[in-house]
Structures are given as C-alpha cells and as structure tokens.
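The data block below is start00.pdb; it holds PDB, C-alpha atoms, pLDDT in the B column.
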```pdb
MODEL        1
ATOM      1  CA  MET A 182       0.000   0.000   0.000  1.00 83.00           C
ATOM      2  CA  LYS A 183       1.267   3.449  -0.898  1.00 87.00           C
ATOM      3  CA  TYR A 184       1.229   5.958   1.933  1.00 93.00           C
ATOM      4  CA  HIS A 185       1.022   9.690   1.354  1.00 93.00           C
ATOM      5  CA  SER A 186       3.611  12.109   2.666  1.00 96.00           C
ATOM      6  CA  ILE A 187       2.647  15.025   4.888  1.00 96.00           C
ATOM      7  CA  ASP A 188       2.973  17.413   1.936  1.00 96.00           C
ATOM      8  CA  GLU A 189       0.732  15.177  -0.155  1.00 96.00           C
ATOM      9  CA  LEU A 190      -1.916  15.226   2.563  1.00 96.00           C
ATOM     10  CA  LEU A 191      -2.001  19.020   2.460  1.00 97.00           C
ATOM     11  CA  ASN A 192      -2.037  19.068  -1.339  1.00 97.00           C
ATOM     12  CA  ASN A 193      -4.849  16.528  -1.385  1.00 96.00           C
ATOM     13  CA  ASN A 194      -6.826  18.750   0.965  1.00 97.00           C
ATOM     14  CA  GLN A 195      -6.503  21.718  -1.379  1.00 97.00           C
ATOM     15  CA  ALA A 196      -7.520  19.601  -4.369  1.00 98.00           C
ATOM     16  CA  TRP A 197     -10.544  18.233  -2.505  1.00 96.00           C
ATOM     17  CA  VAL A 198     -11.649  21.725  -1.476  1.00 98.00           C
ATOM     18  CA  ALA A 199     -11.380  22.877  -5.079  1.00 98.00           C
ATOM     19  CA  GLU A 200     -13.492  19.924  -6.245  1.00 97.00           C
ATOM     20  CA  LYS A 201     -16.200  20.674  -3.684  1.00 97.00           C
ATOM     21  CA  LEU A 202     -16.305  24.364  -4.530  1.00 98.00           C
ATOM     22  CA  ALA A 203     -16.548  23.570  -8.231  1.00 98.00           C
ATOM     23  CA  LEU A 204     -19.706  21.584  -7.530  1.00 97.00           C
ATOM     24  CA  ASN A 205     -21.143  23.978  -4.948  1.00 97.00           C
ATOM     25  CA  PRO A 206     -19.523  27.383  -4.301  1.00 97.00           C
ATOM     26  CA  ASN A 207     -21.370  27.630  -0.959  1.00 97.00           C
ATOM     27  CA  TYR A 208     -20.447  24.129   0.248  1.00 97.00           C
ATOM     28  CA  PHE A 209     -18.174  25.132   3.120  1.00 97.00           C
ATOM     29  CA  GLU A 210     -20.255  28.140   4.132  1.00 97.00           C
ATOM     30  CA  GLN A 211     -23.232  25.800   4.493  1.00 96.00           C
ATOM     31  CA  LEU A 212     -21.112  23.239   6.360  1.00 96.00           C
ATOM     32  CA  ALA A 213     -19.947  25.896   8.803  1.00 97.00           C
ATOM     33  CA  THR A 214     -23.490  26.831   9.894  1.00 97.00           C
ATOM     34  CA  GLY A 215     -23.645  23.853  12.263  1.00 96.00           C
ATOM     35  CA  GLN A 216     -24.193  20.124  12.484  1.00 97.00           C
ATOM     36  CA  LYS A 217     -27.337  18.037  12.762  1.00 97.00           C
ATOM     37  CA  PRO A 218     -26.171  14.507  11.914  1.00 97.00           C
ATOM     38  CA  PRO A 219     -28.805  11.762  11.893  1.00 98.00           C
ATOM     39  CA  TYR A 220     -26.282   9.094  12.899  1.00 98.00           C
ATOM     40  CA  LEU A 221     -23.962   8.347  15.803  1.00 98.00           C
ATOM     41  CA  TYR A 222     -21.336   5.885  14.608  1.00 98.00           C
ATOM     42  CA  ILE A 223     -19.497   3.773  17.198  1.00 98.00           C
ATOM     43  CA  GLY A 224     -16.693   1.945  15.438  1.00 97.00           C
ATOM     44  CA  CYS A 225     -13.186   0.565  15.652  1.00 97.00           C
ATOM     45  CA  SER A 226     -10.094   2.763  15.489  1.00 96.00           C
ATOM     46  CA  ASP A 227      -8.652   0.583  12.713  1.00 95.00           C
ATOM     47  CA  SER A 228      -7.172   2.842  10.023  1.00 94.00           C
ATOM     48  CA  ARG A 229      -8.874   0.826   7.279  1.00 93.00           C
ATOM     49  CA  LEU A 230     -12.359   1.800   8.438  1.00 90.00           C
ATOM     50  CA  PRO A 231     -13.328   5.333   7.424  1.00 89.00           C
ATOM     51  CA  LEU A 232     -17.081   4.707   7.274  1.00 90.00           C
ATOM     52  CA  THR A 233     -17.630   7.807   5.174  1.00 92.00           C
ATOM     53  CA  ASN A 234     -15.805   6.048   2.338  1.00 93.00           C
ATOM     54  CA  PHE A 235     -17.682   2.769   2.711  1.00 95.00           C
ATOM     55  CA  THR A 236     -21.088   4.488   2.870  1.00 96.00           C
ATOM     56  CA  ARG A 237     -20.468   7.496   0.596  1.00 95.00           C
ATOM     57  CA  THR A 238     -21.536   9.884   3.330  1.00 96.00           C
ATOM     58  CA  GLU A 239     -20.605  13.558   3.458  1.00 95.00           C
ATOM     59  CA  PRO A 240     -19.168  15.674   6.275  1.00 96.00           C
ATOM     60  CA  GLY A 241     -21.956  16.407   8.739  1.00 96.00           C
ATOM     61  CA  GLU A 242     -23.805  13.091   8.346  1.00 97.00           C
ATOM     62  CA  LEU A 243     -21.992  10.982  10.967  1.00 98.00           C
ATOM     63  CA  PHE A 244     -21.146  11.885  14.555  1.00 98.00           C
ATOM     64  CA  VAL A 245     -18.272   9.542  15.342  1.00 97.00           C
ATOM     65  CA  HIS A 246     -16.761   7.728  18.311  1.00 98.00           C
ATOM     66  CA  ARG A 247     -14.027   5.168  17.662  1.00 97.00           C
ATOM     67  CA  ASN A 248     -11.896   2.982  19.894  1.00 97.00           C
ATOM     68  CA  ILE A 249     -10.107  -0.361  19.723  1.00 96.00           C
ATOM     69  CA  ALA A 250     -12.650  -3.099  18.925  1.00 97.00           C
ATOM     70  CA  ASN A 251     -15.656  -0.706  18.940  1.00 97.00           C
ATOM     71  CA  GLN A 252     -16.467  -1.114  22.616  1.00 97.00           C
ATOM     72  CA  VAL A 253     -19.265   0.575  24.538  1.00 97.00           C
ATOM     73  CA  SER A 254     -17.528   0.984  27.877  1.00 95.00           C
ATOM     74  CA  LEU A 255     -19.713   2.060  30.776  1.00 94.00           C
ATOM     75  CA  THR A 256     -16.687   3.614  32.499  1.00 94.00           C
ATOM     76  CA  ASP A 257     -15.300   5.526  29.492  1.00 96.00           C
ATOM     77  CA  ILE A 258     -16.088   9.191  30.122  1.00 97.00           C
ATOM     78  CA  ASN A 259     -15.074  10.069  26.568  1.00 97.00           C
ATOM     79  CA  PHE A 260     -17.639   7.654  25.127  1.00 98.00           C
ATOM     80  CA  LEU A 261     -20.356   8.645  27.595  1.00 98.00           C
ATOM     81  CA  ALA A 262     -19.859  12.328  26.758  1.00 98.00           C
ATOM     82  CA  VAL A 263     -20.171  11.539  23.053  1.00 98.00           C
ATOM     83  CA  LEU A 264     -23.319   9.485  23.663  1.00 98.00           C
ATOM     84  CA  GLU A 265     -24.944  12.170  25.801  1.00 98.00           C
ATOM     85  CA  TYR A 266     -24.136  14.916  23.312  1.00 98.00           C
ATOM     86  CA  ALA A 267     -25.398  12.825  20.392  1.00 98.00           C
ATOM     87  CA  ILE A 268     -28.710  11.999  22.057  1.00 97.00           C
ATOM     88  CA  SER A 269     -29.435  15.093  24.147  1.00 96.00           C
ATOM     89  CA  HIS A 270     -28.079  17.844  21.915  1.00 97.00           C
ATOM     90  CA  LEU A 271     -27.747  16.540  18.372  1.00 98.00           C
ATOM     91  CA  GLN A 272     -30.832  14.333  18.748  1.00 97.00           C
ATOM     92  CA  VAL A 273     -29.482  11.663  16.420  1.00 98.00           C
ATOM     93  CA  GLN A 274     -32.068   9.310  14.987  1.00 97.00           C
ATOM     94  CA  HIS A 275     -29.838   6.251  14.702  1.00 97.00           C
ATOM     95  CA  ILE A 276     -26.874   4.741  16.542  1.00 97.00           C
ATOM     96  CA  ILE A 277     -24.671   2.357  14.575  1.00 97.00           C
ATOM     97  CA  VAL A 278     -22.361  -0.020  16.436  1.00 97.00           C
ATOM     98  CA  CYS A 279     -20.014  -1.345  13.761  1.00 97.00           C
ATOM     99  CA  GLY A 280     -17.361  -4.007  14.193  1.00 97.00           C
ATOM    100  CA  HIS A 281     -15.307  -5.626  11.484  1.00 97.00           C
ATOM    101  CA  TYR A 282     -13.738  -8.905  10.484  1.00 97.00           C
ATOM    102  CA  GLY A 283      -9.962  -8.980  10.798  1.00 96.00           C
ATOM    103  CA  CYS A 284     -10.032  -6.834  13.943  1.00 96.00           C
ATOM    104  CA  GLY A 285      -6.750  -6.746  15.859  1.00 94.00           C
ATOM    105  CA  GLY A 286      -8.546  -6.143  19.158  1.00 95.00           C
ATOM    106  CA  ILE A 287     -10.724  -9.216  18.635  1.00 95.00           C
ATOM    107  CA  LYS A 288      -7.638 -11.289  17.777  1.00 95.00           C
ATOM    108  CA  ALA A 289      -5.840 -10.062  20.895  1.00 93.00           C
ATOM    109  CA  ALA A 290      -8.838 -10.963  23.060  1.00 93.00           C
ATOM    110  CA  LEU A 291      -9.221 -14.416  21.548  1.00 92.00           C
ATOM    111  CA  GLU A 292      -5.530 -15.291  21.865  1.00 91.00           C
ATOM    112  CA  GLY A 293      -5.080 -13.690  25.292  1.00 86.00           C
ATOM    113  CA  LYS A 294      -1.467 -12.756  24.567  1.00 81.00           C
ATOM    114  CA  THR A 295      -1.509  -8.976  24.982  1.00 79.00           C
ATOM    115  CA  ILE A 296       0.022  -7.102  27.896  1.00 79.00           C
ATOM    116  CA  GLY A 297      -0.272  -3.631  29.361  1.00 88.00           C
ATOM    117  CA  ILE A 298      -3.076  -1.172  28.732  1.00 91.00           C
ATOM    118  CA  ILE A 299      -4.259  -2.905  25.559  1.00 89.00           C
ATOM    119  CA  ASP A 300      -4.768  -6.104  27.555  1.00 90.00           C
ATOM    120  CA  ASN A 301      -6.886  -4.182  30.070  1.00 92.00           C
ATOM    121  CA  TRP A 302      -8.948  -2.645  27.260  1.00 94.00           C
ATOM    122  CA  VAL A 303      -9.720  -5.886  25.392  1.00 94.00           C
ATOM    123  CA  ASN A 304     -10.262  -7.941  28.551  1.00 94.00           C
ATOM    124  CA  PRO A 305     -14.084  -7.506  28.395  1.00 95.00           C
ATOM    125  CA  ILE A 306     -13.991  -9.102  24.943  1.00 95.00           C
ATOM    126  CA  ARG A 307     -11.822 -11.883  26.331  1.00 95.00           C
ATOM    127  CA  GLU A 308     -14.575 -12.489  28.901  1.00 95.00           C
ATOM    128  CA  ILE A 309     -17.148 -12.613  26.102  1.00 96.00           C
ATOM    129  CA  TYR A 310     -15.052 -15.281  24.400  1.00 95.00           C
ATOM    130  CA  LEU A 311     -14.725 -17.335  27.589  1.00 95.00           C
ATOM    131  CA  GLN A 312     -18.486 -17.179  28.127  1.00 94.00           C
ATOM    132  CA  ASN A 313     -19.062 -18.507  24.593  1.00 95.00           C
ATOM    133  CA  GLN A 314     -15.925 -20.635  24.264  1.00 94.00           C
ATOM    134  CA  ASP A 315     -17.652 -23.928  23.466  1.00 94.00           C
ATOM    135  CA  ASP A 316     -19.652 -22.450  20.594  1.00 94.00           C
ATOM    136  CA  ILE A 317     -16.729 -20.465  19.193  1.00 95.00           C
ATOM    137  CA  ASP A 318     -14.134 -23.223  19.513  1.00 94.00           C
ATOM    138  CA  ALA A 319     -16.465 -25.634  17.701  1.00 96.00           C
ATOM    139  CA  LEU A 320     -15.938 -23.661  14.493  1.00 96.00           C
ATOM    140  CA  LEU A 321     -13.465 -25.259  12.107  1.00 94.00           C
ATOM    141  CA  THR A 322     -11.084 -22.422  11.283  1.00 96.00           C
ATOM    142  CA  LYS A 323      -9.457 -19.616  13.222  1.00 95.00           C
ATOM    143  CA  GLU A 324     -10.934 -17.094  10.803  1.00 96.00           C
ATOM    144  CA  GLU A 325     -14.448 -18.366  11.543  1.00 96.00           C
ATOM    145  CA  ARG A 326     -13.781 -18.150  15.279  1.00 96.00           C
ATOM    146  CA  LEU A 327     -12.495 -14.587  14.991  1.00 97.00           C
ATOM    147  CA  ASN A 328     -15.435 -13.560  12.821  1.00 97.00           C
ATOM    148  CA  ARG A 329     -17.929 -15.069  15.235  1.00 97.00           C
ATOM    149  CA  LEU A 330     -16.374 -13.285  18.195  1.00 97.00           C
ATOM    150  CA  ALA A 331     -16.460 -10.019  16.233  1.00 97.00           C
ATOM    151  CA  GLU A 332     -20.190 -10.493  15.681  1.00 97.00           C
ATOM    152  CA  ILE A 333     -20.914 -11.426  19.295  1.00 96.00           C
ATOM    153  CA  ASN A 334     -18.899  -8.412  20.434  1.00 97.00           C
ATOM    154  CA  VAL A 335     -21.149  -6.097  18.418  1.00 96.00           C
ATOM    155  CA  LEU A 336     -24.226  -7.654  20.016  1.00 93.00           C
ATOM    156  CA  VAL A 337     -22.794  -7.182  23.503  1.00 93.00           C
ATOM    157  CA  GLN A 338     -21.914  -3.545  22.774  1.00 95.00           C
ATOM    158  CA  VAL A 339     -25.485  -2.916  21.606  1.00 94.00           C
ATOM    159  CA  LYS A 340     -26.664  -4.409  24.888  1.00 91.00           C
ATOM    160  CA  ASN A 341     -24.212  -2.194  26.802  1.00 93.00           C
ATOM    161  CA  LEU A 342     -25.720   0.898  25.176  1.00 95.00           C
ATOM    162  CA  TYR A 343     -28.996   0.131  26.891  1.00 92.00           C
ATOM    163  CA  GLN A 344     -27.288  -0.157  30.260  1.00 90.00           C
ATOM    164  CA  THR A 345     -26.281   3.525  30.221  1.00 94.00           C
ATOM    165  CA  SER A 346     -28.365   6.051  32.125  1.00 94.00           C
ATOM    166  CA  ILE A 347     -28.255   8.227  29.003  1.00 96.00           C
ATOM    167  CA  MET A 348     -30.021   5.635  26.871  1.00 94.00           C
ATOM    168  CA  ARG A 349     -32.462   4.700  29.637  1.00 92.00           C
ATOM    169  CA  LYS A 350     -33.490   8.340  29.984  1.00 94.00           C
ATOM    170  CA  ALA A 351     -33.982   8.596  26.227  1.00 94.00           C
ATOM    171  CA  LEU A 352     -36.190   5.494  26.376  1.00 92.00           C
ATOM    172  CA  TYR A 353     -38.177   6.984  29.262  1.00 91.00           C
ATOM    173  CA  ASP A 354     -38.642  10.209  27.307  1.00 92.00           C
ATOM    174  CA  GLN A 355     -39.537   8.192  24.194  1.00 90.00           C
ATOM    175  CA  LYS A 356     -36.734   9.884  22.294  1.00 92.00           C
ATOM    176  CA  ALA A 357     -34.336   6.965  21.981  1.00 93.00           C
ATOM    177  CA  PRO A 358     -32.541   6.521  18.660  1.00 95.00           C
ATOM    178  CA  VAL A 359     -32.845   3.303  16.689  1.00 93.00           C
ATOM    179  CA  VAL A 360     -29.788   1.126  17.336  1.00 95.00           C
ATOM    180  CA  HIS A 361     -28.140  -0.983  14.627  1.00 95.00           C
ATOM    181  CA  GLY A 362     -25.447  -3.659  14.862  1.00 95.00           C
ATOM    182  CA  TRP A 363     -23.173  -3.958  11.835  1.00 97.00           C
ATOM    183  CA  VAL A 364     -20.044  -5.846  10.868  1.00 97.00           C
ATOM    184  CA  LEU A 365     -17.868  -4.712   7.982  1.00 97.00           C
ATOM    185  CA  ASP A 366     -15.972  -7.275   5.927  1.00 97.00           C
ATOM    186  CA  ILE A 367     -12.718  -5.604   4.879  1.00 95.00           C
ATOM    187  CA  ARG A 368     -12.035  -8.302   2.292  1.00 95.00           C
ATOM    188  CA  THR A 369     -15.180  -7.424   0.338  1.00 97.00           C
ATOM    189  CA  GLY A 370     -15.891  -3.887   1.536  1.00 96.00           C
ATOM    190  CA  LEU A 371     -19.467  -4.927   2.320  1.00 97.00           C
ATOM    191  CA  ILE A 372     -21.368  -4.221   5.527  1.00 97.00           C
ATOM    192  CA  LYS A 373     -23.387  -6.984   7.180  1.00 97.00           C
ATOM    193  CA  ASP A 374     -26.434  -5.856   9.150  1.00 96.00           C
ATOM    194  CA  LEU A 375     -26.872  -8.212  12.111  1.00 95.00           C
ATOM    195  CA  GLN A 376     -30.569  -7.267  12.255  1.00 91.00           C
ATOM    196  CA  VAL A 377     -30.548  -6.695  16.001  1.00 85.00           C
ATOM    197  CA  SER A 378     -34.079  -6.174  17.237  1.00 65.00           C
ATOM    198  CA  THR A 379     -34.324  -3.788  20.193  1.00 70.00           C
ATOM    199  CA  LYS A 380     -38.111  -3.471  20.296  1.00 66.00           C
ATOM    200  CA  GLN A 381     -38.470  -5.316  23.573  1.00 57.00           C
ATOM    201  CA  TRP A 382     -35.971  -3.230  25.534  1.00 58.00           C
ATOM    202  CA  GLU A 383     -37.398  -1.697  28.690  1.00 49.00           C
ATOM    203  CA  LEU A 384     -35.927   0.352  31.539  1.00 50.00           C
ATOM    204  CA  ARG A 385     -34.909  -2.821  33.364  1.00 51.00           C
ATOM    205  CA  PRO A 386     -32.357  -5.325  31.966  1.00 46.00           C
ATOM    206  CA  PRO A 387     -34.269  -6.738  29.000  1.00 44.00           C
ATOM    207  CA  THR A 388     -34.052  -9.478  26.424  1.00 44.00           C
ATOM    208  CA  ILE A 389     -32.792  -8.916  22.914  1.00 45.00           C
ATOM    209  CA  VAL A 390     -33.987 -11.066  20.052  1.00 44.00           C
ATOM    210  CA  LEU A 391     -31.953 -11.348  16.903  1.00 45.00           C
ATOM    211  CA  GLU A 392     -33.985 -11.812  13.782  1.00 45.00           C
ATOM    212  CA  SER A 393     -32.679 -13.661  10.736  1.00 42.00           C
ATOM    213  CA  ILE A 394     -29.059 -14.342  11.627  1.00 43.00           C
ATOM    214  CA  PRO A 395     -28.813 -18.001  10.618  1.00 45.00           C
ATOM    215  CA  SER A 396     -25.094 -18.225  11.328  1.00 49.00           C
ATOM    216  CA  LEU A 397     -25.341 -17.153  14.975  1.00 51.00           C
ATOM    217  CA  PRO A 398     -26.303 -19.691  17.664  1.00 48.00           C
ATOM    218  CA  ASP A 399     -27.552 -18.895  21.167  1.00 54.00           C
ATOM    219  CA  PHE A 400     -24.983 -16.916  23.132  1.00 51.00           C
ATOM    220  CA  LYS A 401     -24.187 -16.685  26.815  1.00 55.00           C
ATOM    221  CA  PHE A 402     -23.589 -13.163  28.084  1.00 51.00           C
ATOM    222  CA  LEU A 403     -21.688 -12.104  31.140  1.00 51.00           C
ATOM    223  CA  ASP A 404     -24.576 -11.167  33.402  1.00 51.00           C
ATOM    224  CA  GLY A 405     -27.106 -13.598  32.010  1.00 46.00           C
ATOM    225  CA  ASP A 406     -29.667 -10.907  31.291  1.00 44.00           C
ATOM    226  CA  LEU A 407     -29.416 -11.032  27.505  1.00 44.00           C
ATOM    227  CA  ASP A 408     -30.428 -13.836  25.189  1.00 45.00           C
ATOM    228  CA  CYS A 409     -29.450 -13.559  21.552  1.00 43.00           C
ATOM    229  CA  LEU A 410     -31.402 -15.965  19.426  1.00 34.00           C
ATOM    230  CA  SER A 411     -31.021 -16.473  15.735  1.00 39.00           C
ATOM    231  CA  GLN A 412     -33.966 -17.275  13.532  1.00 39.00           C
ATOM    232  CA  GLU A 413     -32.461 -20.699  12.877  1.00 38.00           C
ATOM    233  CA  ALA A 414     -32.228 -21.381  16.615  1.00 37.00           C
ATOM    234  CA  CYS A 415     -35.869 -20.375  17.043  1.00 37.00           C
TER     235      CYS A 415
ENDMDL
END
```

Would you write out, as structure tokens, the structure that this file holds?
Amino acid sequence: MKYHSIDELLNNNQAWVAEKLALNPNYFEQLATGQKPPYLYIGCSDSRLPLTNFTRTEPGELFVHRNIANQVSLTDINFLAVLEYAISHLQVQHIIVCGHYGCGGIKAALEGKTIGIIDNWVNPIREIYLQNQDDIDALLTKEERLNRLAEINVLVQVKNLYQTSIMRKALYDQKAPVVHGWVLDIRTGLIKDLQVSTKQWELRPPTIVLESIPSLPDFKFLDGDLDCLSQEAC
C-alpha cells in the first residue's frame, strides 16, 4: 500500500476543497453553519475503516466515536460524553455499532497474549469469548472463530448501550434513537447488518432477540440478562 507524505496530505486537501467548490460554491459556508447529523457511529479505530468512504456519506452526516474493537464501555467518560451529546443535543435518529472482520482487538482478546493497557482494554472481549468458548471453539477455522467473536462483540456492545443512564433516559422520554449492529468485511468492503431487534428493551435489563441471523447460535452473556437468538435457533 502506498502511503502519502505530509505534503501530499495538504495538497490533497486543497484539491478536494477545489473539487467541492466547483460543484457547490457555498459548500463550506453551508457546512460551517452547524451540524445536525442523523447518525452516531461507534466503530473501531482501525485505520482501514473510514465509514464515510464505505457508505459514501458527506461531512456532517456521521457523529463519530471510535476505539479499539468498537467497545461501549460504561466507564469511558469520553464515550459517555459523546453518547450524551449525540442523544441530548444533536438528537441523532440512529446509533450504529459497527465491528469488522480482521479486527486486531478481537484477535488479541481471543488469543489472550496482549500485555499492558491494551490487555486491560480488550479484557471484556476476552470475557465474552470465555463465556461462549464452546460455541466459538467448535468452528473449524481460526478465521471463523475470529469472525464469530467479532459479531458477538457487536451484540454485547449494543446491549451495553442500553445499560447507560443516558439511553435509559432517552427510552423513558420516548426519544431513543434506533440502534443498529453492523459488521464490515474488509475483504469485500461490504457491511453486514446483524438485524438486532431492540423493540423489547425496557428500563430494566431486557431481552434482545436477533432476527434472521442463521449463522449465529444462542450466546451466553456475562450477566445472564441477555439472550441472543437467531432465527435458525428459534
């Protein structure tokens, strides 16, 4: 892969600005008036995942929070501030939790070989793996095991969203955004919608039902308050 130099980055910026102004002379003046994005995107920090490229979205469409392995951490003040601002101030209509196949954080959690701060960060995913070890280890290849853990991780992060006081308040006020669970396949560039149904969520720990995910079996979650059922399992 060819990487751009610092000078090339600046030159590319000037060329991009010129292209935008050629199409719409008021483009940046309109952009500067403020933001009202319909989406909050919670994704992985992986450099290969600029969702604006994969979805052909423009500046101002996605409010973004990214971290290693797209985790919804209930103790991460940075994430919680983003979530509160997105829901309370921007009033986003949708929240997208997007993982990806080939995720280094997922691999580190599955193998359990990391040390230091990264080990602390991916440890919740390691716990997810241990809770579902029999199902995951039954898969034939390492790639299948990693992909399955990436999918389960997205489901758990969707569940974690609903454990925040921010989301519970939005539900109480009947202003909660629609939540989506996605996985992006870097090898194809395509996004897989896990079709997570959140209709039955209430203000107490609820049950999530997954509709039409034939490849996902029943999963065991850490606190036992979430059942993820595929259509095939039903």

For segment 315-330 of chain A: contacts at 7 Å, only C-alpha atoms, fewer than 2 positions along chain excluded, given as a PyMOL selection string: chain A and resi 282+287-288+310+313+332-334

How many Å lie between atom CA of Asn193 of chain A and atom CA of Gly283 of chain A, rounded to one decimal?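 Atom CA of Gly283 of chain A lies at a distance of 28.7 Å from atom CA of Asn193 of chain A.
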
Can you pull out every residue within 12 Å of Pro240 of chain A, counting all atoms listed in the file, but drop anything in the same chain fewer than 4 positions away, and send it as JSON, numbers by chain? {"A": [201, 208, 209, 211, 212, 213, 215, 216, 217, 218, 219, 220, 231, 232, 233, 234, 236, 244, 245]}

Please produce, as CSV, a per-residue contact table for segment 313-368 of chain A versus segment 267-278 of chain A (criterion: any atom at most 9 Å away, all atoms listed in the file considered), showing the nearest atom pair and its distance in Å to one decimal, sorted by chain then residue number.
```
residue,atom,partner,partner_atom,distance
A:Val335,CA,A:Val278,CA,6.5
A:Leu336,CA,A:Val278,CA,8.6
A:Gln338,CA,A:Val278,CA,7.3
A:Val339,CA,A:Val278,CA,6.7
A:Ile347,CA,A:Ile268,CA,7.9
A:Met348,CA,A:Ile268,CA,8.1
A:Ala351,CA,A:Ile268,CA,7.5
A:Lys356,CA,A:Gln272,CA,8.2
A:Ala357,CA,A:Ile268,CA,7.5
A:Pro358,CA,A:Gln274,CA,4.6
A:Val359,CA,A:His275,CA,4.7
A:Val360,CA,A:Ile276,CA,4.7
A:His361,CA,A:Ile277,CA,4.8
A:Gly362,CA,A:Val278,CA,5.0
A:Trp363,CA,A:Val278,CA,6.1
A:Val364,CA,A:Val278,CA,8.4
```

Output check: residues returned by the PyMOL selection byres ((chain A and resi 281) around 8), as a list in words: Cys225, Cys279, Gly280, Tyr282, Gly283, Cys284, Ala331, Val364, Leu365, Asp366 and Ile367 of chain A

Distance atom CA of Glu210 of chain A-atom CA of Asn194 of chain A, one decimal place?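 According to the coordinates, atom CA of Glu210 of chain A and atom CA of Asn194 of chain A are separated by 16.7 Å.
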